Protein chains: 2
Amino acid sequence: MNADILKERQNATFDVEKLTNILDGGPELTKRRREIESMVLNDPDFMEEDPNFLSRSERYDQAVRKSAQMILKLREYGIADPEEIYCYKSTVHLGKPEPLDLHLGMFLPTLLNQANQEQMDRFFMPSWNLEIIGTYAQTEMGHGTHLRGLETTATYDPATQEFVLNSPTVSSIKWWPGGLGKTSNHAIVLAQLYTQGNCHGLHAFIVPIRDMNTHVPLPGIVVGDIGPKFGFDEIDNGYLKMENVRIPRENMLMKYAKVEPDGTYKKPPSAKLTYGTMVFIRSMIVGESARALSKASTIAIRYSAVRHQSEIRPGEPEPQILDFQTQQYKLFPLLATAYAFIFVGQYMKDTYSRISGDINQGDFSELPELHALSAGLKAFTTWTANAAIEVCRMSCGGHGYSRSSGLPDLYVNFTPTCTYEGENTVMMLQTARYLVKSYQQAKAGQQLSGIVSYLNETDHRRVQPQPVSARPTVVDINDLASLVEIYKLRAAILVGMAAKSIQQELQHRKNQADAWNNSAIDLVKASDAHCHYVVVKLFTDKLGEIGDTAVHSVVSSLALLYALHGITVNSGDFLQAGLLSVPQVLQISVRIKELLSQLRPNAVALVDSFDIHNKKLNSVLGRYDGNVYENMFEWARRSPLNATEVSQMFSCGK
Amino acid sequence: MNADILKERQNATFDVEKLTNILDGGPELTKRRREIESMVLNDPDFMEEDPNFLSRSERYDQAVRKSAQMILKLREYGIADPEEIYCYKSTVHLGKPEPLDLHLGMFLPTLLNQANQEQMDRFFMPSWNLEIIGTYAQTEMGHGTHLRGLETTATYDPATQEFVLNSPTVSSIKWWPGGLGKTSNHAIVLAQLYTQGNCHGLHAFIVPIRDMNTHVPLPGIVVGDIGPKFGFDEIDNGYLKMENVRIPRENMLMKYAKVEPDGTYKKPPSAKLTYGTMVFIRSMIVGESARALSKASTIAIRYSAVRHQSEIRPGEPEPQILDFQTQQYKLFPLLATAYAFIFVGQYMKDTYSRISGDINQGDFSELPELHALSAGLKAFTTWTANAAIEVCRMSCGGHGYSRSSGLPDLYVNFTPTCTYEGENTVMMLQTARYLVKSYQQAKAGQQLSGIVSYLNETDHRRVQPQPVSARPTVVDINDLASLVEIYKLRAAILVGMAAKSIQQELQHRKNQADAWNNSAIDLVKASDAHCHYVVVKLFTDKLGEIGDTAVHSVVSSLALLYALHGITVNSGDFLQAGLLSVPQVLQISVRIKELLSQLRPNAVALVDSFDIHNKKLNSVLGRYDGNVYENMFEWARRSPLNATEVSQMFSCGK
């Protein structure tokens with residue numbers, strides 16, 4: 001092991017394993033995770049070529065092969081718990097997306113949720129056995145987040161008792177679904193349902209797209225790969241154009257809405273029934289943000305402990321770059337953010353499973369709050385993690401730019417989370433809609449409960465913006481409870497300001513819609529502040545659950561750094577609202593520097609606690625043993641350009 | 001042409017061609033640029049396969065072929081002016097890097113600057129004729145920005161009158177030089193010179209690395225490609241390991257420093273002689289930032305005029321996404337930034353050429369200021385443009401993620417500017433060193449001139465941080481001169497605070513070096529504020545040169561938006577220093593919204609003014625004619641995965 005990184009580990013003040021257990025949710029879960037990981041990583045069937053040296057087609061082929069193996073093995077080993085399947089799967093594909101993602105994550109669950117018994121009998125087992133491989137075709141070339149705009153039509157023909165599916169325009173071509181291009185032979189297609197001359201909006205249809213035996217596209221189906229992307233090389237995101245494609249009436253998913261043989265349409269009992277899945281997926285993405293950022297900060301911090309460069313004191317040997325204050329200032333707040341997001345991810349998962357029982361019973365009372373929270377936090381955490389991965393990459397200097405660092409691949413495969421499952425700005429505005437509505441309810445005298453209770457009139461009346469000097473400052477910058485309080489007040493003020501902006505626009509004779517659009521900047525800002533408050537609060541709450549003193553101490557420093565760093569970045573808000581005074585803001589800058597020094601000896605141990613296996617990290621810079629340079633040289637020599645000593649372009653002489 | 005984008009052009013309030021002329025530096029320069037571009041773009045020898053559909057090796061081969069053609073044609077057409085060569089070259093390679101970049105941009109210029117007459121005779125013409133292809137091998141695996149840390153040795157052996165070059169460790173292996181891996185047969189190697197038992201620091205040596213006829217690596221040379229990177233697929237960034245490689249004494253570049261046949265070392269007359277090139281390259285990178293951001297904003301704004309999505313007013317058709325306030329707030333400040341950076345780039349180029357005459361005469365008096373400015377602005381503009389490209393990409397929703405958008409390629413090829421030619425944080429600290437030194441000189445009573453004159457004691461005494469209420473506010477938020485003034489005061493205050501932090505650290509018994517490192521966060525912040533001030537100032541100054549009223553009006557709105565947006569993002573600084581009051585900060589938010597609406601009708605015309613040829617943009621989303629969807633479908637069908645209707649993985653049945 002590299003001597004520097006060994007020394008870092010010896011200097012840590014806490015027990016890494018104890019913190020790992022907390023992050024996993026308990027020692028048994030750590031143990032089981034490691035069992036599953038080593039089951040996969042020791043399995044020769046999952047050996048792979050380094051994707052960095054493969055063409056896109058080869059990466060796709062390799063992923064398909066591994067996915068097929070994976071399905072067999074999951075069955076062989078009887079792994080059926082969703083968490084364990086997730087762990088197995090992400091180890092097989094080393095965190096990368098895979099061609100069966102939509103089959104497993106959307107096609108099968110949609111069958112389970114929306115197919116009636118006859119459809120389950122017909123489709124489920126063949127799908128489970130991979131005879132049917134499905135995808136979920138919603139997005140069109142011209143239409144994404146705004147579902148009502150989708151153009152694909154499914155028109156019922158009572159004469160033959162069939163639906164006729166069509167892509168009437170170029171912009172209506174289905175575009176983006178994973179696994180659609182080459183892998184799938186079926187798709188659940190979202191289309192506008194027309195029957196008896198009326199449009200009944202979007203419904204889901206099971207459409208066979210390729211022959212089950214020959215895999216050749218069926219008549220009327222134009223299907224293919226949408227071409228290379230920033231990342232997702234393993235995935236055949238596809239297009240699907242349908243020309244009078246006929247499917248039996250029984251292929252419309254009819255657990256809730258129905259079309260009778262004569263064409264009579266029956267509405268679903270509740271529009272909220274398909275709503276839970278969306279909330280679930282967005283909640284899960286919060287966890288994805290945490291994982292991506294954990295990986296990136298592991299790579300950057302370990303490498304920064306190994307890399308020596310420049311000088312601090314003239315004449316002395318080049319220091320570890322982790323000793324530079326600027327490097328600590330780049331990385332430690334991100335490390336703190338990774339921890340914050342892990343805890344927020346745990347909270348979202350727990351909350352979802354707590355209320356999903358109620359949802360199944362038809363009690364949707366807690367769903368709106370969770371919906372608003374999951375939309376905003378999805379945007380907040382993915383934007384943050386997205387930018388943070390790039391900060392980590394650039395903090396590794398030139399070597400971060402090499403694919404051997406693992407960071408380019410991590411970035412390009414993570415960044416779509418900012419766009420899919422609800423574009424982030426749209427998500428922020430959805431949360432804002434909930435906040436403004438709650439604010440107005442409170443103003444109208446209603447007593448709010450839950451996470452928005454801070455918007456109650458009694459609270460927010462006292463936090464109107466006012467000059468700094470007019471407000472007594474009682475904030476203790478070392479007390480997390482006190483910081484949670486001012487994050488809360490900042491959110492309340494910004495929600496109030498957004499609501500006021502809408503009010504003012506309405507007074508200028510704007511209609512409600514234009515008033516909303518003309519306040520959108522303020523609304524996004526309010527949502528962002530709300531999410532920030534929630535994250536600081538949940539991080540602080542988590543500290544109460546940590547019993548071990550040494551672990552508690554270091555995680556508390558992270559939480560304090562997270563909270564104070566967020567204040568300096570947004571100091572304008574806090575000053576503007578009079579929540580902090582100018583001297584306090586200056587004190588916070590000093591305190592942050594102290595926290596950086598304080599965390600410095602534990603930095604490597606704090607990323608070790610994430611316990612990410614070398615193979616899952618797939619980074620020469622982030623190797624656990626710190627032996628970076630030898631392995632980088634080794635890796636480079638395998639570059640395809642080095643297959644011949646003299647490039648073909650020169651071998652014929654010039 | 002797409003009807004939406006046509007309408008946008010009809011609604012513009014100014015003459016696009018006039019603004020293009022200003023950006024080019026005059027109508028003749030616009031004309032000549034277009035001549036060169038069409039010369040290349042109509043030349044069948046430069047036709048290329050879409051690199052998105054090629055493997056990395058194929059991309060390399062294609063680029064080598066085009067570069068070889070390019071050299072022949074430049075000579076054939078007698079294009080010799082550096083600006084025109086640059087234009088020709090960037091059109092041939094459509095803005096992408098190419099394998100001969102270091103031959104043309106470093107190897108040849110270094111010969112010109114540092115070779116003596118005998119060396120020029122021996123090396124220049126063969127290099128000019130591409131018999132010798134060279135690269136510039138400075139960076140090592142373990143050493144980048146900090147040149148003194150380089151480990152490669154060149155030890156003089158008087159017995160044979162040769163230098164013996166060695167890579168003594170793994171970390172000393174030369175790493176990253178472009179064109180080193182497969183293309184070059186020579187390298188200018190930077191190595192620590194040892195003679196007569198003493199080390200004399202870094203010197204440059206011409207080292208043959210491959211046989212001139214067979215292109216096979218020479219004895220003692222281990223050379224190859226460093227493997228795939230985030231981008232730069234066309235480039236064979238390479239490694240070079242040397243084991244007792246002997247070169248004649250005359251291969252050390254000896255225009256300034258010398259080693260006599262007996263091994264006696266003669267110092268160069270001035271260390272500053274090689275310093276100008278670095279400043280020149282950093283100044284040029286400011287222009288690169290402007291170009292990259294111009295491209296990204298052209299793509300995002302044109303696509304936002306074509307794309308319809310969601311709703312503003314219920315029941316109405318989906319609006320152009322450019323009508324959403326959030327989209328305008330994402331894109332228009334970046335559009336303004338592109339303009340700002342173009343003007344700053346022009347200023348840097350002009351300033352460099354103004355003082356380069358003096359430099360050649362041995363007058364270095366203006367160099368330190370330009371050095372400090374180019375370091376800081378290189379970092380400021382590349383960081384900004386880097387983040388901005390990604391904002392542009394994500395503002396295009398899912399389609400921005402497709403390589404057909406051109407944005408992924410733009411990003412991965414631009415982002416290395418944050419790291420190469422001086423890592424950005426190191427650059428910011430270099431500028432800070434100059435600022436703090438100037439501040440201390442001013443404090444000691446010296447009268448500063450030039451761009452740092454605002455640090456003169458008389459000025460900065462009155463801008464110590466103080467409570468908001470204590471300072472009379474006279475700022476007019478609609479007056480750019482007034483805004484330049486507060487940007488200047490902000491910079492002065494932050495430089496003062498950084499200097500004060502160093503002072504305080506010294507009082508805590510820290511040595512100078514540790515005091516510096518413990519103030520590094522403040523120092524970077526001070527540099528950033530200084531650069532921001534310079535950019536706002538230069539943008540404002542430029543307005544004075546614009547005669548046409550309509551153009552002046554729209555560019556003034558951009559300048560105001562740039563300045564005000566920068567204030568809201570950094571409102572904490574302005575509030576903290578009492579440069580703005582809380583009501584003013586609120587007014588600025590309102591004013592920004594007004595400016596967004598005001599710029600909306602001219603947005604497409606403002607990107608049209610960049611006059612970037614469709615082929616150089618290489619983006620389906622950014623096409624001039626706005627016909628996005630048809631062309632995206634066309635493009636996708638050419639994806640290599642679509643070469644066969646049934647993927648190989650399925651063709652044998654499952």
# chains A, B, ... in the order shown; residues from 1 in each chain; ligands from 1
>>> closest_atom_pairs(of="segment 154-208 of chain A", to="segment 255-276 of chain A", cutoff="12 Å", atoms="only C-alpha atoms", output="Markdown table")
| residue | atom | partner | partner_atom | distance |
| --- | --- | --- | --- | --- |
| A:Ala154 | CA | A:Val259 | CA | 11.7 |
| A:Thr155 | CA | A:Gly263 | CA | 9.9 |
| A:Tyr156 | CA | A:Gly263 | CA | 6.7 |
| A:Asp157 | CA | A:Gly263 | CA | 7.7 |
| A:Pro158 | CA | A:Asp262 | CA | 5.6 |
| A:Ala159 | CA | A:Asp262 | CA | 8.6 |
| A:Thr160 | CA | A:Pro261 | CA | 9.4 |
| A:Gln161 | CA | A:Pro261 | CA | 6.1 |
| A:Glu162 | CA | A:Pro261 | CA | 9.0 |
| A:Phe163 | CA | A:Gly263 | CA | 10.1 |
| A:Leu193 | CA | A:Tyr265 | CA | 9.5 |
| A:Tyr194 | CA | A:Gly263 | CA | 9.3 |
| A:Thr195 | CA | A:Gly263 | CA | 5.8 |
| A:Gln196 | CA | A:Gly263 | CA | 6.2 |
| A:Gly197 | CA | A:Gly263 | CA | 9.7 |
| A:Asn198 | CA | A:Tyr265 | CA | 9.4 |
| A:Cys199 | CA | A:Tyr265 | CA | 10.0 |
| A:His200 | CA | A:Tyr265 | CA | 8.1 |
| A:Gly201 | CA | A:Lys267 | CA | 10.6 |
| A:Leu202 | CA | A:Ala257 | CA | 10.6 |
| A:His203 | CA | A:Ala257 | CA | 8.2 |
| A:Ala204 | CA | A:Ala257 | CA | 9.8 |
| A:Phe205 | CA | A:Lys258 | CA | 11.5 |
>>> residues_around(residues="Ser90 of chain A", least_positions_apart="4", cutoff="12 Å", atoms="only C-alpha atoms", output="VMD selection string")
chain A and resid 33 36 to 37 40 to 41 66 to 67 70 83 to 86 94 to 98 101 288 291 612 to 613 615 to 617
>>> closest_residue(among="B:Leu112, B:Val344, B:Ile502, B:Leu586", to="Val286 of chain B", atoms="only C-alpha atoms")
B:Val344
>>> atom_distance(atom1="atom CA of Ala643 of chain B", atom2="atom CA of Thr183 of chain A")
14.6 Å
>>> closest_residue(among="B:Ala498, B:Ile301, B:Cys87, B:Val16", to="chain A", atoms="only C-alpha atoms")
B:Ala498
>>> select_by_dssp(residues="segment 32-168 of chain B", states="helix (DSSP H, G or I)", output="VMD selection string")
chain B and resid 32 to 41 44 to 46 51 to 53 56 to 76 82 to 92 101 to 114 117 to 128 147 to 149
>>> closest_atom_pairs(of="segment 527-641 of chain B", to="segment 372-389 of chain B", cutoff="10 Å", atoms="only C-alpha atoms", output="JSON lines")
{"residue": "B:Ser527", "atom": "CA", "partner": "B:Gly376", "partner_atom": "CA", "distance": 6.6}
{"residue": "B:Asp528", "atom": "CA", "partner": "B:Phe380", "partner_atom": "CA", "distance": 6.6}
{"residue": "B:Ala529", "atom": "CA", "partner": "B:Phe380", "partner_atom": "CA", "distance": 9.6}
{"residue": "B:His530", "atom": "CA", "partner": "B:Gly376", "partner_atom": "CA", "distance": 8.4}
{"residue": "B:Cys531", "atom": "CA", "partner": "B:Leu377", "partner_atom": "CA", "distance": 6.0}
{"residue": "B:His532", "atom": "CA", "partner": "B:Phe380", "partner_atom": "CA", "distance": 7.8}
{"residue": "B:Val534", "atom": "CA", "partner": "B:Leu377", "partner_atom": "CA", "distance": 8.8}
{"residue": "B:Val535", "atom": "CA", "partner": "B:Leu377", "partner_atom": "CA", "distance": 8.6}
>>> atom_distance(atom1="atom CA of Lys537 of chain B", atom2="atom CA of Tyr439 of chain B")
20.0 Å
>>> residues_around(residues="Glu390 of chain B", least_positions_apart="6", cutoff="9 Å", atoms="only C-alpha atoms", output="PyMOL selection string")
chain B and resi 296+407-408+411
>>> write_last_selection(atoms="C-alpha atoms", output="compact mmCIF listing (two decimals), in the first residue's frame")
# COMPACT_ATOMS: atom_id res chain seq x y z
CA ALA B 296 -23.18 26.46 -26.89
CA LEU B 407 -22.90 19.80 -26.95
CA PRO B 408 -21.27 16.72 -25.41
CA TYR B 411 -17.90 20.17 -23.52
>>> atom_distance(atom1="atom CA of Gly496 of chain A", atom2="atom CA of Pro333 of chain B")
25.6 Å
>>> residues_around(residues="Gly445 of chain A", least_positions_apart="2", cutoff="12 Å", atoms="only C-alpha atoms", output="count of residues only")
12
>>> residues_around(residues="Ser609 of chain A", least_positions_apart="5", cutoff="10 Å", atoms="only C-alpha atoms", output="PDB file with N, CA and C atoms, in the first residue's frame")
ATOM      1  N   ASP A  15     -13.628   4.705  14.085  1.00  0.00           N
ATOM      2  CA  ASP A  15     -13.664   3.343  13.552  1.00  0.00           C
ATOM      3  C   ASP A  15     -14.481   3.325  12.255  1.00  0.00           C
ATOM      4  N   VAL A  16     -13.773   3.121  11.142  1.00  0.00           N
ATOM      5  CA  VAL A  16     -14.405   3.185   9.819  1.00  0.00           C
ATOM      6  C   VAL A  16     -15.565   2.208   9.705  1.00  0.00           C
ATOM      7  N   GLU A  17     -15.379   1.012  10.237  1.00  0.00           N
ATOM      8  CA  GLU A  17     -16.403  -0.018  10.102  1.00  0.00           C
ATOM      9  C   GLU A  17     -17.722   0.413  10.766  1.00  0.00           C
ATOM     10  N   LYS A  18     -17.607   1.097  11.900  1.00  0.00           N
ATOM     11  CA  LYS A  18     -18.822   1.559  12.585  1.00  0.00           C
ATOM     12  C   LYS A  18     -19.615   2.541  11.740  1.00  0.00           C
ATOM     13  N   LEU A  19     -18.878   3.421  11.058  1.00  0.00           N
ATOM     14  CA  LEU A  19     -19.567   4.405  10.216  1.00  0.00           C
ATOM     15  C   LEU A  19     -20.172   3.728   8.983  1.00  0.00           C
ATOM     16  N   THR A  20     -19.443   2.770   8.438  1.00  0.00           N
ATOM     17  CA  THR A  20     -19.982   2.011   7.305  1.00  0.00           C
ATOM     18  C   THR A  20     -21.317   1.357   7.678  1.00  0.00           C
ATOM     19  N   ASN A  21     -21.346   0.795   8.860  1.00  0.00           N
ATOM     20  CA  ASN A  21     -22.592   0.154   9.324  1.00  0.00           C
ATOM     21  C   ASN A  21     -23.753   1.139   9.375  1.00  0.00           C
ATOM     22  N   ILE A  22     -23.451   2.351   9.837  1.00  0.00           N
ATOM     23  CA  ILE A  22     -24.504   3.380   9.889  1.00  0.00           C
ATOM     24  C   ILE A  22     -24.997   3.692   8.478  1.00  0.00           C
ATOM     25  N   LEU A  23     -24.054   3.811   7.545  1.00  0.00           N
ATOM     26  CA  LEU A  23     -24.437   4.151   6.175  1.00  0.00           C
ATOM     27  C   LEU A  23     -25.240   3.025   5.520  1.00  0.00           C
ATOM     28  N   ASP A  24     -24.914   1.788   5.885  1.00  0.00           N
ATOM     29  CA  ASP A  24     -25.648   0.659   5.314  1.00  0.00           C
ATOM     30  C   ASP A  24     -26.993   0.441   5.998  1.00  0.00           C
ATOM     31  N   SER A 294     -20.609   9.944  -3.586  1.00  0.00           N
ATOM     32  CA  SER A 294     -19.703   9.157  -2.736  1.00  0.00           C
ATOM     33  C   SER A 294     -18.540   8.627  -3.564  1.00  0.00           C
ATOM     34  N   THR A 298     -14.692   9.807  -3.173  1.00  0.00           N
ATOM     35  CA  THR A 298     -13.707   8.782  -2.818  1.00  0.00           C
ATOM     36  C   THR A 298     -12.490   8.884  -3.743  1.00  0.00           C
ATOM     37  N   VAL A 604      -9.581  10.691   4.439  1.00  0.00           N
ATOM     38  CA  VAL A 604      -9.495   9.396   3.761  1.00  0.00           C
ATOM     39  C   VAL A 604     -10.392   8.365   4.462  1.00  0.00           C
TER      40      VAL A 604
END
>>> closest_residue(among="B:Thr153, B:Asn602, B:Ser395, B:Asn2", to="chain A", atoms="only C-alpha atoms")
B:Ser395
>>> select_by_dssp(residues="segment 223-354 of chain B", states="strand (DSSP E or B)", output="JSON, numbers by chain")
{"B": [223, 224, 225, 229, 238, 239, 240, 241, 242, 245, 246, 247, 248, 252, 258, 259, 265, 266, 308, 320]}
>>> closest_residue(among="B:Asn570, B:Gln10, B:Asn237, B:Thr540", to="chain A", atoms="only C-alpha atoms")
B:Asn570
>>> closest_residue(among="A:Ser639, A:Ser127, A:Ser501, A:Ser297", to="Ala605 of chain A", atoms="only C-alpha atoms")
A:Ser297
>>> residues_around(residues="Leu104 of chain B", least_positions_apart="5", cutoff="9 Å", atoms="only C-alpha atoms", output="PyMOL selection string")
chain B and resi 109+128+134-135
>>> closest_residue(among="A:Thr419, A:Gln62, A:Ser353, A:Ser365", to="chain B", atoms="only C-alpha atoms")
A:Thr419
>>> decode(residues="segment 51-68 of chain B", atoms="N, CA and C atoms", output="PDB file, in the first residue's frame")
ATOM      1  N   PRO B  51     -17.714  12.075 -36.881  1.00  0.00           N
ATOM      2  CA  PRO B  51     -16.885  11.406 -35.861  1.00  0.00           C
ATOM      3  C   PRO B  51     -17.711  10.689 -34.789  1.00  0.00           C
ATOM      4  N   ASN B  52     -18.980  11.118 -34.627  1.00  0.00           N
ATOM      5  CA  ASN B  52     -19.823  10.445 -33.631  1.00  0.00           C
ATOM      6  C   ASN B  52     -20.012   8.967 -33.929  1.00  0.00           C
ATOM      7  N   PHE B  53     -19.856   8.602 -35.202  1.00  0.00           N
ATOM      8  CA  PHE B  53     -20.100   7.209 -35.583  1.00  0.00           C
ATOM      9  C   PHE B  53     -18.801   6.422 -35.746  1.00  0.00           C
ATOM     10  N   LEU B  54     -17.668   7.026 -35.380  1.00  0.00           N
ATOM     11  CA  LEU B  54     -16.376   6.362 -35.553  1.00  0.00           C
ATOM     12  C   LEU B  54     -15.801   5.919 -34.211  1.00  0.00           C
ATOM     13  N   SER B  55     -14.943   4.908 -34.265  1.00  0.00           N
ATOM     14  CA  SER B  55     -14.187   4.529 -33.073  1.00  0.00           C
ATOM     15  C   SER B  55     -13.094   5.569 -32.853  1.00  0.00           C
ATOM     16  N   ARG B  56     -12.472   5.493 -31.682  1.00  0.00           N
ATOM     17  CA  ARG B  56     -11.428   6.475 -31.412  1.00  0.00           C
ATOM     18  C   ARG B  56     -10.276   6.344 -32.411  1.00  0.00           C
ATOM     19  N   SER B  57      -9.883   5.127 -32.746  1.00  0.00           N
ATOM     20  CA  SER B  57      -8.788   4.949 -33.696  1.00  0.00           C
ATOM     21  C   SER B  57      -9.152   5.533 -35.054  1.00  0.00           C
ATOM     22  N   GLU B  58     -10.412   5.346 -35.449  1.00  0.00           N
ATOM     23  CA  GLU B  58     -10.841   5.920 -36.727  1.00  0.00           C
ATOM     24  C   GLU B  58     -10.844   7.450 -36.687  1.00  0.00           C
ATOM     25  N   ARG B  59     -11.216   7.987 -35.542  1.00  0.00           N
ATOM     26  CA  ARG B  59     -11.208   9.452 -35.405  1.00  0.00           C
ATOM     27  C   ARG B  59      -9.779   9.975 -35.513  1.00  0.00           C
ATOM     28  N   TYR B  60      -8.856   9.258 -34.871  1.00  0.00           N
ATOM     29  CA  TYR B  60      -7.448   9.653 -34.960  1.00  0.00           C
ATOM     30  C   TYR B  60      -6.975   9.610 -36.403  1.00  0.00           C
ATOM     31  N   ASP B  61      -7.261   8.506 -37.092  1.00  0.00           N
ATOM     32  CA  ASP B  61      -6.812   8.362 -38.481  1.00  0.00           C
ATOM     33  C   ASP B  61      -7.378   9.465 -39.366  1.00  0.00           C
ATOM     34  N   GLN B  62      -8.658   9.738 -39.191  1.00  0.00           N
ATOM     35  CA  GLN B  62      -9.290  10.781 -40.009  1.00  0.00           C
ATOM     36  C   GLN B  62      -8.633  12.144 -39.763  1.00  0.00           C
ATOM     37  N   ALA B  63      -8.346  12.424 -38.497  1.00  0.00           N
ATOM     38  CA  ALA B  63      -7.740  13.716 -38.169  1.00  0.00           C
ATOM     39  C   ALA B  63      -6.330  13.823 -38.754  1.00  0.00           C
ATOM     40  N   VAL B  64      -5.555  12.732 -38.681  1.00  0.00           N
ATOM     41  CA  VAL B  64      -4.202  12.755 -39.245  1.00  0.00           C
ATOM     42  C   VAL B  64      -4.262  13.034 -40.747  1.00  0.00           C
ATOM     43  N   ARG B  65      -5.182  12.352 -41.416  1.00  0.00           N
ATOM     44  CA  ARG B  65      -5.321  12.550 -42.853  1.00  0.00           C
ATOM     45  C   ARG B  65      -5.646  14.009 -43.172  1.00  0.00           C
ATOM     46  N   LYS B  66      -6.572  14.584 -42.429  1.00  0.00           N
ATOM     47  CA  LYS B  66      -6.958  15.973 -42.695  1.00  0.00           C
ATOM     48  C   LYS B  66      -5.822  16.945 -42.371  1.00  0.00           C
ATOM     49  N   SER B  67      -5.093  16.662 -41.302  1.00  0.00           N
ATOM     50  CA  SER B  67      -3.993  17.552 -40.941  1.00  0.00           C
ATOM     51  C   SER B  67      -2.922  17.561 -42.016  1.00  0.00           C
ATOM     52  N   ALA B  68      -2.626  16.396 -42.556  1.00  0.00           N
ATOM     53  CA  ALA B  68      -1.610  16.316 -43.609  1.00  0.00           C
ATOM     54  C   ALA B  68      -2.065  17.115 -44.833  1.00  0.00           C
TER      55      ALA B  68
END
